[in-house]
$ cat entry26.cif   # mmCIF, C-alpha atoms and all ligand atoms; chains and numbers go by the auth columns
data_data
loop_
_atom_site.group_PDB
_atom_site.id
_atom_site.type_symbol
_atom_site.label_atom_id
_atom_site.label_comp_id
_atom_site.label_asym_id
_atom_site.label_seq_id
_atom_site.Cartn_x
_atom_site.Cartn_y
_atom_site.Cartn_z
_atom_site.B_iso_or_equiv
_atom_site.auth_seq_id
_atom_site.auth_asym_id
ATOM 1 C CA SER A 1 135.991 93.040 163.534 0.00 1 A
ATOM 2 C CA SER A 2 133.743 95.730 162.107 0.00 2 A
ATOM 3 C CA ASP A 3 134.831 98.359 164.590 0.00 3 A
ATOM 4 C CA THR A 4 138.474 98.339 163.526 0.00 4 A
ATOM 5 C CA VAL A 5 140.162 98.802 160.167 0.00 5 A
ATOM 6 C CA VAL A 6 143.500 97.134 159.383 0.00 6 A
ATOM 7 C CA GLU A 7 146.271 98.732 157.330 0.00 7 A
ATOM 8 C CA SER A 8 147.026 95.952 154.853 0.00 8 A
ATOM 9 C CA LYS A 9 150.794 96.332 154.384 0.00 9 A
ATOM 10 C CA THR A 10 151.652 96.478 158.081 0.00 10 A
ATOM 11 C CA GLY A 11 148.729 94.836 159.899 0.00 11 A
ATOM 12 C CA VAL A 12 148.322 97.863 162.155 0.00 12 A
ATOM 13 C CA SER A 13 144.692 98.359 163.167 0.00 13 A
ATOM 14 C CA PHE A 14 142.706 101.535 163.761 0.00 14 A
ATOM 15 C CA PRO A 15 139.400 101.953 165.602 0.00 15 A
ATOM 16 C CA SER A 16 136.685 103.135 163.210 0.00 16 A
ATOM 17 C CA VAL A 17 135.516 105.732 165.734 0.00 17 A
ATOM 18 C CA LEU A 18 137.636 107.769 168.195 0.00 18 A
ATOM 19 C CA GLY A 19 135.980 109.339 171.208 0.00 19 A
ATOM 20 C CA ASP A 20 132.260 109.766 170.658 0.00 20 A
ATOM 21 C CA SER A 21 132.105 111.072 167.179 0.00 21 A
ATOM 22 C CA ARG A 22 135.392 111.180 165.265 0.00 22 A
ATOM 23 C CA LYS A 23 134.980 108.885 162.306 0.00 23 A
ATOM 24 C CA LEU A 24 137.817 107.194 160.467 0.00 24 A
ATOM 25 C CA LEU A 25 137.961 108.520 156.914 0.00 25 A
ATOM 26 C CA GLY A 26 141.103 106.800 155.647 0.00 26 A
ATOM 27 C CA ILE A 27 144.364 105.117 156.598 0.00 27 A
ATOM 28 C CA GLY A 28 147.826 105.086 155.059 0.00 28 A
ATOM 29 C CA LEU A 29 151.563 104.727 155.482 0.00 29 A
ATOM 30 C CA ARG A 30 154.303 107.285 156.015 0.00 30 A
ATOM 31 C CA ARG A 31 157.527 106.042 154.463 0.00 31 A
ATOM 32 C CA LYS A 32 160.890 107.720 154.305 0.00 32 A
ATOM 33 C CA SER A 33 164.111 106.993 152.492 0.00 33 A
ATOM 34 C CA VAL A 34 167.096 106.507 154.763 0.00 34 A
ATOM 35 C CA LEU A 35 170.451 107.752 153.460 0.00 35 A
ATOM 36 C CA GLY A 36 168.937 107.648 149.976 0.00 36 A
ATOM 37 C CA LEU A 37 169.201 103.866 150.118 0.00 37 A
ATOM 38 C CA LYS A 38 165.951 102.247 151.093 0.00 38 A
ATOM 39 C CA ASN A 39 162.490 103.227 152.183 0.00 39 A
ATOM 40 C CA VAL A 40 161.475 102.438 155.726 0.00 40 A
ATOM 41 C CA ASP A 41 157.916 102.335 157.017 0.00 41 A
ATOM 42 C CA VAL A 42 157.931 104.995 159.727 0.00 42 A
ATOM 43 C CA TYR A 43 154.307 104.941 160.872 0.00 43 A
ATOM 44 C CA ALA A 44 150.796 104.005 159.830 0.00 44 A
ATOM 45 C CA PHE A 45 148.234 106.794 160.122 0.00 45 A
ATOM 46 C CA GLY A 46 144.491 107.202 160.329 0.00 46 A
ATOM 47 C CA VAL A 47 142.625 110.429 159.558 0.00 47 A
ATOM 48 C CA TYR A 48 139.508 111.085 161.639 0.00 48 A
ATOM 49 C CA ALA A 49 136.983 113.914 161.556 0.00 49 A
ATOM 50 C CA ASP A 50 134.024 114.766 163.739 0.00 50 A
ATOM 51 C CA ASN A 51 130.993 113.412 162.005 0.00 51 A
ATOM 52 C CA GLY A 52 128.638 116.199 163.065 0.00 52 A
ATOM 53 C CA ASP A 53 131.035 118.989 162.123 0.00 53 A
ATOM 54 C CA LEU A 54 131.726 117.422 158.780 0.00 54 A
ATOM 55 C CA LYS A 55 128.080 116.839 157.867 0.00 55 A
ATOM 56 C CA LYS A 56 127.212 120.359 158.839 0.00 56 A
ATOM 57 C CA LEU A 57 129.915 121.902 156.657 0.00 57 A
ATOM 58 C CA LEU A 58 129.244 119.583 153.739 0.00 58 A
ATOM 59 C CA SER A 59 125.480 119.928 153.738 0.00 59 A
ATOM 60 C CA GLU A 60 125.461 123.676 154.285 0.00 60 A
ATOM 61 C CA LYS A 61 127.871 124.431 151.490 0.00 61 A
ATOM 62 C CA TYR A 62 128.399 121.459 149.219 0.00 62 A
ATOM 63 C CA GLY A 63 125.322 119.257 149.399 0.00 63 A
ATOM 64 C CA LYS A 64 124.499 119.481 145.710 0.00 64 A
ATOM 65 C CA LEU A 65 127.907 118.765 144.209 0.00 65 A
ATOM 66 C CA SER A 66 129.109 115.392 142.905 0.00 66 A
ATOM 67 C CA LEU A 67 132.422 113.807 143.925 0.00 67 A
ATOM 68 C CA SER A 68 134.242 114.970 140.809 0.00 68 A
ATOM 69 C CA GLU A 69 132.852 118.470 141.215 0.00 69 A
ATOM 70 C CA LEU A 70 134.052 118.441 144.808 0.00 70 A
ATOM 71 C CA GLN A 71 137.501 117.248 143.799 0.00 71 A
ATOM 72 C CA GLU A 72 137.819 120.056 141.315 0.00 72 A
ATOM 73 C CA ASN A 73 136.504 122.620 143.735 0.00 73 A
ATOM 74 C CA LYS A 74 139.556 124.387 145.136 0.00 74 A
ATOM 75 C CA GLU A 75 137.454 126.221 147.681 0.00 75 A
ATOM 76 C CA PHE A 76 136.180 122.919 149.066 0.00 76 A
ATOM 77 C CA ASN A 77 139.701 121.647 149.658 0.00 77 A
ATOM 78 C CA ALA A 78 140.775 124.788 151.425 0.00 78 A
ATOM 79 C CA ASP A 79 137.529 124.836 153.414 0.00 79 A
ATOM 80 C CA LEU A 80 138.051 121.319 154.702 0.00 80 A
ATOM 81 C CA MET A 81 141.517 122.072 155.912 0.00 81 A
ATOM 82 C CA GLU A 82 140.715 125.508 157.307 0.00 82 A
ATOM 83 C CA ALA A 83 137.219 124.998 158.704 0.00 83 A
ATOM 84 C CA ASP A 84 136.821 124.684 162.465 0.00 84 A
ATOM 85 C CA ILE A 85 136.258 120.935 162.256 0.00 85 A
ATOM 86 C CA CYS A 86 137.477 118.693 165.047 0.00 86 A
ATOM 87 C CA MET A 87 139.872 116.153 163.592 0.00 87 A
ATOM 88 C CA THR A 88 142.540 113.698 164.685 0.00 88 A
ATOM 89 C CA VAL A 89 145.425 112.203 162.796 0.00 89 A
ATOM 90 C CA ARG A 90 146.535 109.091 164.697 0.00 90 A
ATOM 91 C CA LEU A 91 150.089 107.874 164.090 0.00 91 A
ATOM 92 C CA GLN A 92 151.123 104.344 165.071 0.00 92 A
ATOM 93 C CA ILE A 93 154.870 103.968 165.080 0.00 93 A
ATOM 94 C CA ILE A 94 156.339 101.099 163.069 0.00 94 A
ATOM 95 C CA TYR A 95 160.010 102.066 162.758 0.00 95 A
ATOM 96 C CA SER A 96 161.755 100.768 165.857 0.00 96 A
ATOM 97 C CA LYS A 97 164.791 103.034 165.864 0.00 97 A
ATOM 98 C CA LEU A 98 163.076 106.402 165.892 0.00 98 A
ATOM 99 C CA SER A 99 164.989 109.025 167.869 0.00 99 A
ATOM 100 C CA ILE A 100 163.558 112.341 169.002 0.00 100 A
ATOM 101 C CA ARG A 101 166.316 113.965 166.976 0.00 101 A
ATOM 102 C CA SER A 102 165.150 112.359 163.739 0.00 102 A
ATOM 103 C CA VAL A 103 161.511 113.214 164.564 0.00 103 A
ATOM 104 C CA ARG A 104 162.524 116.848 165.004 0.00 104 A
ATOM 105 C CA SER A 105 164.464 117.018 161.787 0.00 105 A
ATOM 106 C CA ALA A 106 161.824 115.157 159.732 0.00 106 A
ATOM 107 C CA PHE A 107 159.222 117.480 161.161 0.00 107 A
ATOM 108 C CA GLU A 108 161.175 120.601 160.283 0.00 108 A
ATOM 109 C CA GLU A 109 161.414 119.308 156.746 0.00 109 A
ATOM 110 C CA SER A 110 157.818 118.154 156.213 0.00 110 A
ATOM 111 C CA VAL A 111 155.849 120.635 158.308 0.00 111 A
ATOM 112 C CA GLY A 112 158.411 123.409 157.815 0.00 112 A
ATOM 113 C CA THR A 113 157.843 123.273 154.053 0.00 113 A
ATOM 114 C CA ARG A 114 154.093 123.696 154.558 0.00 114 A
ATOM 115 C CA LEU A 115 154.423 126.513 157.081 0.00 115 A
ATOM 116 C CA ARG A 116 156.422 128.432 154.493 0.00 116 A
ATOM 117 C CA LYS A 117 153.958 127.534 151.732 0.00 117 A
ATOM 118 C CA PHE A 118 150.862 128.717 153.623 0.00 118 A
ATOM 119 C CA GLY A 119 152.300 131.288 155.973 0.00 119 A
ATOM 120 C CA GLY A 120 155.203 132.963 154.256 0.00 120 A
ATOM 121 C CA SER A 121 158.708 133.362 155.516 0.00 121 A
ATOM 122 C CA ASP A 122 158.734 133.960 159.242 0.00 122 A
ATOM 123 C CA ASN A 123 157.616 130.745 160.927 0.00 123 A
ATOM 124 C CA LYS A 124 160.734 129.679 162.785 0.00 124 A
ATOM 125 C CA GLU A 125 159.181 130.605 166.106 0.00 125 A
ATOM 126 C CA LEU A 126 156.036 128.520 165.532 0.00 126 A
ATOM 127 C CA LEU A 127 158.045 125.541 164.370 0.00 127 A
ATOM 128 C CA GLN A 128 160.268 125.774 167.423 0.00 128 A
ATOM 129 C CA ARG A 129 157.281 126.130 169.725 0.00 129 A
ATOM 130 C CA PHE A 130 155.938 122.860 168.368 0.00 130 A
ATOM 131 C CA THR A 131 159.188 120.918 168.288 0.00 131 A
ATOM 132 C CA SER A 132 160.159 122.094 171.785 0.00 132 A
ATOM 133 C CA GLN A 133 157.276 119.903 172.999 0.00 133 A
ATOM 134 C CA PHE A 134 159.349 116.878 171.992 0.00 134 A
ATOM 135 C CA LYS A 135 161.574 116.417 175.013 0.00 135 A
ATOM 136 C CA ASP A 136 164.762 114.440 174.495 0.00 136 A
ATOM 137 C CA GLU A 137 163.802 111.985 177.206 0.00 137 A
ATOM 138 C CA TYR A 138 160.617 110.835 175.431 0.00 138 A
ATOM 139 C CA LYS A 139 160.737 107.377 173.975 0.00 139 A
ATOM 140 C CA ILE A 140 158.640 106.443 170.999 0.00 140 A
ATOM 141 C CA PRO A 141 159.266 102.747 170.409 0.00 141 A
ATOM 142 C CA ARG A 142 157.459 100.657 167.834 0.00 142 A
ATOM 143 C CA GLY A 143 153.769 100.489 168.786 0.00 143 A
ATOM 144 C CA SER A 144 153.606 104.008 170.256 0.00 144 A
ATOM 145 C CA VAL A 145 150.405 105.870 169.440 0.00 145 A
ATOM 146 C CA ILE A 146 150.622 109.601 168.769 0.00 146 A
ATOM 147 C CA ASP A 147 147.408 111.585 168.346 0.00 147 A
ATOM 148 C CA LEU A 148 147.564 114.952 166.654 0.00 148 A
ATOM 149 C CA SER A 149 144.157 116.412 167.435 0.00 149 A
ATOM 150 C CA LYS A 150 142.702 119.565 166.076 0.00 150 A
ATOM 151 C CA GLU A 151 140.264 120.871 168.673 0.00 151 A
ATOM 152 C CA ARG A 152 137.709 123.701 168.503 0.00 152 A
ATOM 153 C CA GLY A 153 139.374 127.034 167.789 0.00 153 A
ATOM 154 C CA HIS A 154 142.313 125.556 165.818 0.00 154 A
ATOM 155 C CA VAL A 155 144.073 124.190 168.868 0.00 155 A
ATOM 156 C CA LEU A 156 146.497 121.400 168.063 0.00 156 A
ATOM 157 C CA ARG A 157 146.777 118.954 170.952 0.00 157 A
ATOM 158 C CA THR A 158 149.441 116.253 170.907 0.00 158 A
ATOM 159 C CA THR A 159 149.254 113.081 172.973 0.00 159 A
ATOM 160 C CA ILE A 160 151.638 110.133 173.168 0.00 160 A
ATOM 161 C CA ASP A 161 150.049 106.892 174.345 0.00 161 A
ATOM 162 C CA GLY A 162 147.181 108.916 175.743 0.00 162 A
ATOM 163 C CA LYS A 163 149.350 111.381 177.691 0.00 163 A
ATOM 164 C CA GLU A 164 149.140 115.007 176.670 0.00 164 A
ATOM 165 C CA VAL A 165 152.475 116.554 175.720 0.00 165 A
ATOM 166 C CA GLY A 166 151.216 119.988 174.710 0.00 166 A
ATOM 167 C CA SER A 167 148.628 122.204 173.013 0.00 167 A
ATOM 168 C CA ILE A 168 149.226 125.033 170.597 0.00 168 A
ATOM 169 C CA GLU A 169 146.625 127.378 169.125 0.00 169 A
ATOM 170 C CA SER A 170 147.519 128.037 165.504 0.00 170 A
ATOM 171 C CA LYS A 171 145.391 127.809 162.413 0.00 171 A
ATOM 172 C CA LEU A 172 148.509 127.799 160.274 0.00 172 A
ATOM 173 C CA LEU A 173 150.056 124.890 162.159 0.00 173 A
ATOM 174 C CA CYS A 174 146.811 122.853 161.965 0.00 174 A
ATOM 175 C CA ARG A 175 146.505 123.566 158.267 0.00 175 A
ATOM 176 C CA SER A 176 150.138 122.648 157.620 0.00 176 A
ATOM 177 C CA LEU A 177 149.880 119.344 159.471 0.00 177 A
ATOM 178 C CA LEU A 178 146.681 118.312 157.686 0.00 178 A
ATOM 179 C CA ASP A 179 148.321 119.143 154.390 0.00 179 A
ATOM 180 C CA LEU A 180 150.802 116.275 154.933 0.00 180 A
ATOM 181 C CA TYR A 181 147.936 113.789 154.769 0.00 181 A
ATOM 182 C CA ILE A 182 145.200 115.366 152.644 0.00 182 A
ATOM 183 C CA GLY A 183 146.907 118.180 150.771 0.00 183 A
ATOM 184 C CA GLU A 184 148.227 118.484 147.230 0.00 184 A
ATOM 185 C CA ASP A 185 151.293 116.292 147.714 0.00 185 A
ATOM 186 C CA PRO A 186 150.284 113.825 150.447 0.00 186 A
ATOM 187 C CA PHE A 187 152.438 111.099 152.033 0.00 187 A
ATOM 188 C CA ASP A 188 150.070 108.415 150.741 0.00 188 A
ATOM 189 C CA ARG A 189 147.905 109.130 147.679 0.00 189 A
ATOM 190 C CA LYS A 190 145.711 106.104 148.164 0.00 190 A
ATOM 191 C CA ALA A 191 144.824 107.243 151.683 0.00 191 A
ATOM 192 C CA LYS A 192 143.785 110.629 150.368 0.00 192 A
ATOM 193 C CA GLU A 193 141.620 109.021 147.685 0.00 193 A
ATOM 194 C CA ASP A 194 139.901 106.874 150.300 0.00 194 A
ATOM 195 C CA ILE A 195 139.227 109.958 152.403 0.00 195 A
ATOM 196 C CA GLU A 196 137.679 111.719 149.402 0.00 196 A
ATOM 197 C CA LEU A 197 135.456 108.724 148.666 0.00 197 A
ATOM 198 C CA ASN A 198 134.268 108.577 152.249 0.00 198 A
ATOM 199 C CA LEU A 199 133.507 112.271 152.200 0.00 199 A
ATOM 200 C CA ALA A 200 131.539 111.908 148.992 0.00 200 A
ATOM 201 C CA THR A 201 129.420 109.233 150.650 0.00 201 A
ATOM 202 C CA LEU A 202 128.734 111.568 153.529 0.00 202 A
ATOM 203 C CA VAL A 203 127.657 114.351 151.180 0.00 203 A
ATOM 204 C CA GLN A 204 125.178 112.084 149.464 0.00 204 A
ATOM 205 C CA LYS A 205 123.531 110.907 152.694 0.00 205 A
HETATM 206 O O1 LIG B . 143.546 118.826 147.052 0.00 301 A
HETATM 207 O O2 LIG B . 143.550 117.833 145.184 0.00 301 A
HETATM 208 C C1 LIG B . 143.025 118.058 146.240 0.00 301 A
HETATM 209 C C2 LIG B . 141.732 117.346 146.579 0.00 301 A
HETATM 210 C C3 LIG B . 141.547 117.393 148.011 0.00 301 A
HETATM 211 C C4 LIG B . 140.368 116.739 148.585 0.00 301 A
HETATM 212 C C5 LIG B . 140.735 116.654 149.973 0.00 301 A
HETATM 213 C C6 LIG B . 139.765 116.074 150.850 0.00 301 A
HETATM 214 C C7 LIG B . 140.303 116.200 152.198 0.00 301 A
HETATM 215 C C8 LIG B . 139.341 115.857 153.203 0.00 301 A
HETATM 216 C C9 LIG B . 139.690 116.154 154.566 0.00 301 A
HETATM 217 C C10 LIG B . 138.561 115.908 155.414 0.00 301 A
HETATM 218 C C11 LIG B . 138.628 116.365 156.762 0.00 301 A
HETATM 219 C C12 LIG B . 137.786 117.493 157.113 0.00 301 A
HETATM 220 O O1 LIG B . 166.964 107.232 161.565 0.00 302 A
HETATM 221 O O2 LIG B . 167.203 108.902 160.219 0.00 302 A
HETATM 222 C C1 LIG B . 166.669 107.846 160.529 0.00 302 A
HETATM 223 C C2 LIG B . 165.641 107.300 159.626 0.00 302 A
HETATM 224 C C3 LIG B . 164.298 107.415 160.163 0.00 302 A
HETATM 225 C C4 LIG B . 163.568 108.566 159.625 0.00 302 A
HETATM 226 C C5 LIG B . 162.489 108.930 160.550 0.00 302 A
HETATM 227 C C6 LIG B . 161.544 109.916 160.047 0.00 302 A
HETATM 228 C C7 LIG B . 160.687 110.421 161.134 0.00 302 A
HETATM 229 C C8 LIG B . 159.380 110.878 160.689 0.00 302 A
HETATM 230 C C9 LIG B . 158.597 111.578 161.716 0.00 302 A
HETATM 231 C C10 LIG B . 157.968 110.701 162.700 0.00 302 A
HETATM 232 C C11 LIG B . 156.977 111.374 163.515 0.00 302 A
HETATM 233 C C12 LIG B . 156.452 110.586 164.621 0.00 302 A
HETATM 234 O O1 LIG B . 155.723 112.598 159.275 0.00 303 A
HETATM 235 O O2 LIG B . 157.028 114.186 158.699 0.00 303 A
HETATM 236 C C1 LIG B . 156.155 113.734 159.436 0.00 303 A
HETATM 237 C C2 LIG B . 155.676 114.649 160.510 0.00 303 A
HETATM 238 C C3 LIG B . 154.585 114.104 161.319 0.00 303 A
HETATM 239 C C4 LIG B . 154.156 114.906 162.502 0.00 303 A
HETATM 240 C C5 LIG B . 154.901 114.428 163.670 0.00 303 A
HETATM 241 C C6 LIG B . 154.468 114.948 164.974 0.00 303 A
HETATM 242 C C7 LIG B . 155.196 114.181 165.983 0.00 303 A
HETATM 243 C C8 LIG B . 154.899 114.524 167.344 0.00 303 A
HETATM 244 C C9 LIG B . 155.465 113.510 168.245 0.00 303 A
HETATM 245 C C10 LIG B . 156.456 113.943 169.181 0.00 303 A
HETATM 246 C C11 LIG B . 157.134 112.843 169.838 0.00 303 A
HETATM 247 C C12 LIG B . 158.057 113.219 170.881 0.00 303 A
#

$ encode --input "entry26.cif" --output "structure tokens"
Amino acid sequence: SSDTVVESKTGVSFPSVLGDSRKLLGIGLRRKSVLGLKNVDVYAFGVYADNGDLKKLLSEKYGKLSLSELQENKEFNADLMEADICMTVRLQIIYSKLSIRSVRSAFEESVGTRLRKFGGSDNKELLQRFTSQFKDEYKIPRGSVIDLSKERGHVLRTTIDGKEVGSIESKLLCRSLLDLYIGEDPFDRKAKEDIELNLATLVQK
């Protein structure tokens, strides 16, 4: 139906609006190679941003630029990831054998790299603060829905199947997480391109 969007490779569907005003900008797949042998589909993701926040930022600062100008504008990219815009990245788990241990170690690799890139050397404490939210007794079977929500004031709130597991205020952590999906070297390039196209449409409205 028109109020959901389906990820074509996996059939996983995403609502086109979350809450009152977070609009779906793009969807994609996070894959990972296991033992260097084969790629597994770990989760499908959808990137959402608050429509009002986004329009305000775009029209105030970037209303007169074209899509290609926006794409080349380094300041625009940094702005989008660092601005105080409410966003959610929704993960829907596909891989059925996901252990909390492998989530922790994948996270330290993917997010850890970004924390060092944007924040310099000493981010062990922040990384541990985030990963300590993942209790060993949690189960995340296939079909689990994890929302990583960036709330006002750069607060990252994590929920699993609608239940809150923790909140952490950190601009660096929010920035690093978003970078996985919309940064320079994203998990899924096509998803990032779709997000850019959707943003360009918003700018022109
Ligand atoms: O980094 O090469 C680049 C281009 C990045 C454009 C990124 C657009 C990301 C949009 C995120 C929107 C959410 C506020
Ligand atoms: O069992 O080691 C393995 C292979 C699976 C890799 C899992 C990667 C986990 C990615 C993070 C998931 C976040 C919900
Ligand atoms: O895909 O490499 C990656 C990292 C994605 C962010 C994962 C956050 C997972 C939070 C869920 C905790 C489950 C106990």

$ residues_around --input "entry26.cif" --residues "region 126-129 of chain A" --least-positions-apart "5" --cutoff "10 Å" --atoms "only C-alpha atoms" --output "PyMOL selection string"
chain A and resi 104+107-108+111-112+115+134+166+168+170+172-173

$ resolve_selection --input "entry26.cif" --expression "the PyMOL selection byres (((chain A and resi 57) around 10) and not hetatm)" --output "MDAnalysis selection string"
chainID A and resid 52:56 58:63 76 79:80 83:85 203

$ residues_near_ligand --input "entry26.cif" --ligand "ligand LIG 301 (chain A)" --cutoff "6 Å" --atoms "only C-alpha atoms and all ligand atoms" --output "count of residues only"
9

$ resolve_selection --input "entry26.cif" --expression "the PyMOL selection byres (((not hetatm)) within 9 of (chain A and resi 303))" --output "VMD selection string"
chain A and resid 30 to 32 42 to 43 91 99 to 100 103 to 111 130 to 131 133 to 140 146 to 148 158 to 160 165 177 180 187

$ resolve_selection --input "entry26.cif" --expression "the PyMOL selection byres (((chain A and resi 154) around 8) and not hetatm)" --output "number ranges by chain"
A: 84, 150-153, 155-156, 169-171, 174

$ atom_distance --input "entry26.cif" --atom1 "CA of Arg175 (chain A)" --atom2 "CA of Phe118 (chain A)"
8.2 Å

$ closest_residue --input "entry26.cif" --among "A:Val12, A:Leu35, A:Ala78, A:Cys86" --to "ligand LIG 302 (chain A)" --atoms "all atoms listed in the file"
A:Leu35

$ residues_around --input "entry26.cif" --residues "Val5 (chain A)" --least-positions-apart "3" --cutoff "10 Å" --atoms "all atoms listed in the file" --output "PyMOL selection string"
chain A and resi 1-2+8+11-16+24+26-27+46

$ closest_residue --input "entry26.cif" --among "A:Thr113, A:Ser176, A:Thr4, A:Asn39" --to "ligand LIG 302 (chain A)" --atoms "all atoms listed in the file"
A:Asn39

$ atom_distance --input "entry26.cif" --atom1 "CA of Val34 (chain A)" --atom2 "CA of Gln92 (chain A)"
19.1 Å

$ residues_around --input "entry26.cif" --residues "Gly28 (chain A)" --least-positions-apart "3" --cutoff "8 Å" --atoms "only C-alpha atoms" --output "list in words"
Glu7, Ala44, Phe45, Gly46, Asp188, Lys190 and Ala191 of chain A

$ residues_around --input "entry26.cif" --residues "Ser66 (chain A)" --least-positions-apart "6" --cutoff "12 Å" --atoms "all atoms listed in the file" --output "ChimeraX atom specification"
/A:58,72-73,196-197,199-204

$ write_last_selection --input "entry26.cif" --atoms "C-alpha atoms" --output "short mmCIF file (atom, residue, chain, number, x, y, z; two decimals), in the frame of the given file"
data_model
loop_
_atom_site.label_atom_id
_atom_site.label_comp_id
_atom_site.auth_asym_id
_atom_site.auth_seq_id
_atom_site.Cartn_x
_atom_site.Cartn_y
_atom_site.Cartn_z
CA LEU A 58 129.24 119.58 153.74
CA GLU A 72 137.82 120.06 141.32
CA ASN A 73 136.50 122.62 143.74
CA GLU A 196 137.68 111.72 149.40
CA LEU A 197 135.46 108.72 148.67
CA LEU A 199 133.51 112.27 152.20
CA ALA A 200 131.54 111.91 148.99
CA THR A 201 129.42 109.23 150.65
CA LEU A 202 128.73 111.57 153.53
CA VAL A 203 127.66 114.35 151.18
CA GLN A 204 125.18 112.08 149.46
#

$ axis_aligned_box --input "entry26.cif" --around "ligand LIG 302 (chain A)" --padding-each-side "8 Å" --output "AutoDock Vina command-line options"
--center_x 161.8 --center_y 109.4 --center_z 162.1 --size_x 26.8 --size_y 20.3 --size_z 21.0

$ closest_residue --input "entry26.cif" --among "A:Glu82, A:Asp3, A:Asp194, A:Asp41" --to "ligand LIG 302 (chain A)" --atoms "all atoms listed in the file"
A:Asp41

$ build_atoms --input "entry26.cif" --residues "region 132-148 of chain A" --atoms "N, CA and C atoms" --output "CSV table (one decimal), in the frame of the given file"
chain,number,residue,atom,x,y,z
A,132,SER,N,159.7,122.1,170.4
A,132,SER,CA,160.2,122.1,171.8
A,132,SER,C,159.3,121.2,172.7
A,133,GLN,N,158.1,120.9,172.2
A,133,GLN,CA,157.3,119.9,173.0
A,133,GLN,C,157.9,118.5,173.0
A,134,PHE,N,158.7,118.2,172.1
A,134,PHE,CA,159.3,116.9,172.0
A,134,PHE,C,160.6,116.8,172.9
A,135,LYS,N,160.4,116.4,174.1
A,135,LYS,CA,161.6,116.4,175.0
A,135,LYS,C,162.5,115.3,174.7
A,136,ASP,N,163.8,115.5,174.8
A,136,ASP,CA,164.8,114.4,174.5
A,136,ASP,C,164.5,113.1,175.2
A,137,GLU,N,163.9,113.2,176.4
A,137,GLU,CA,163.8,112.0,177.2
A,137,GLU,C,162.6,111.1,176.8
A,138,TYR,N,161.7,111.7,175.9
A,138,TYR,CA,160.6,110.8,175.4
A,138,TYR,C,161.1,109.6,174.6
A,139,LYS,N,160.4,108.5,174.8
A,139,LYS,CA,160.7,107.4,174.0
A,139,LYS,C,159.5,107.1,173.1
A,140,ILE,N,159.8,106.8,171.8
A,140,ILE,CA,158.6,106.4,171.0
A,140,ILE,C,159.0,105.2,170.3
A,141,PRO,N,159.0,104.0,171.0
A,141,PRO,CA,159.3,102.7,170.4
A,141,PRO,C,158.2,102.3,169.4
A,142,ARG,N,158.5,101.3,168.7
A,142,ARG,CA,157.5,100.7,167.8
A,142,ARG,C,156.2,100.4,168.7
A,143,GLY,N,155.0,100.7,168.1
A,143,GLY,CA,153.8,100.5,168.8
A,143,GLY,C,153.2,101.7,169.5
A,144,SER,N,154.1,102.8,169.6
A,144,SER,CA,153.6,104.0,170.3
A,144,SER,C,152.5,104.6,169.4
A,145,VAL,N,151.5,105.2,170.1
A,145,VAL,CA,150.4,105.9,169.4
A,145,VAL,C,150.5,107.4,169.7
A,146,ILE,N,150.6,108.1,168.7
A,146,ILE,CA,150.6,109.6,168.8
A,146,ILE,C,149.4,110.2,168.1
A,147,ASP,N,148.6,110.9,168.9
A,147,ASP,CA,147.4,111.6,168.3
A,147,ASP,C,147.7,113.1,168.2
A,148,LEU,N,147.5,113.5,166.9
A,148,LEU,CA,147.6,115.0,166.7
A,148,LEU,C,146.1,115.4,166.5
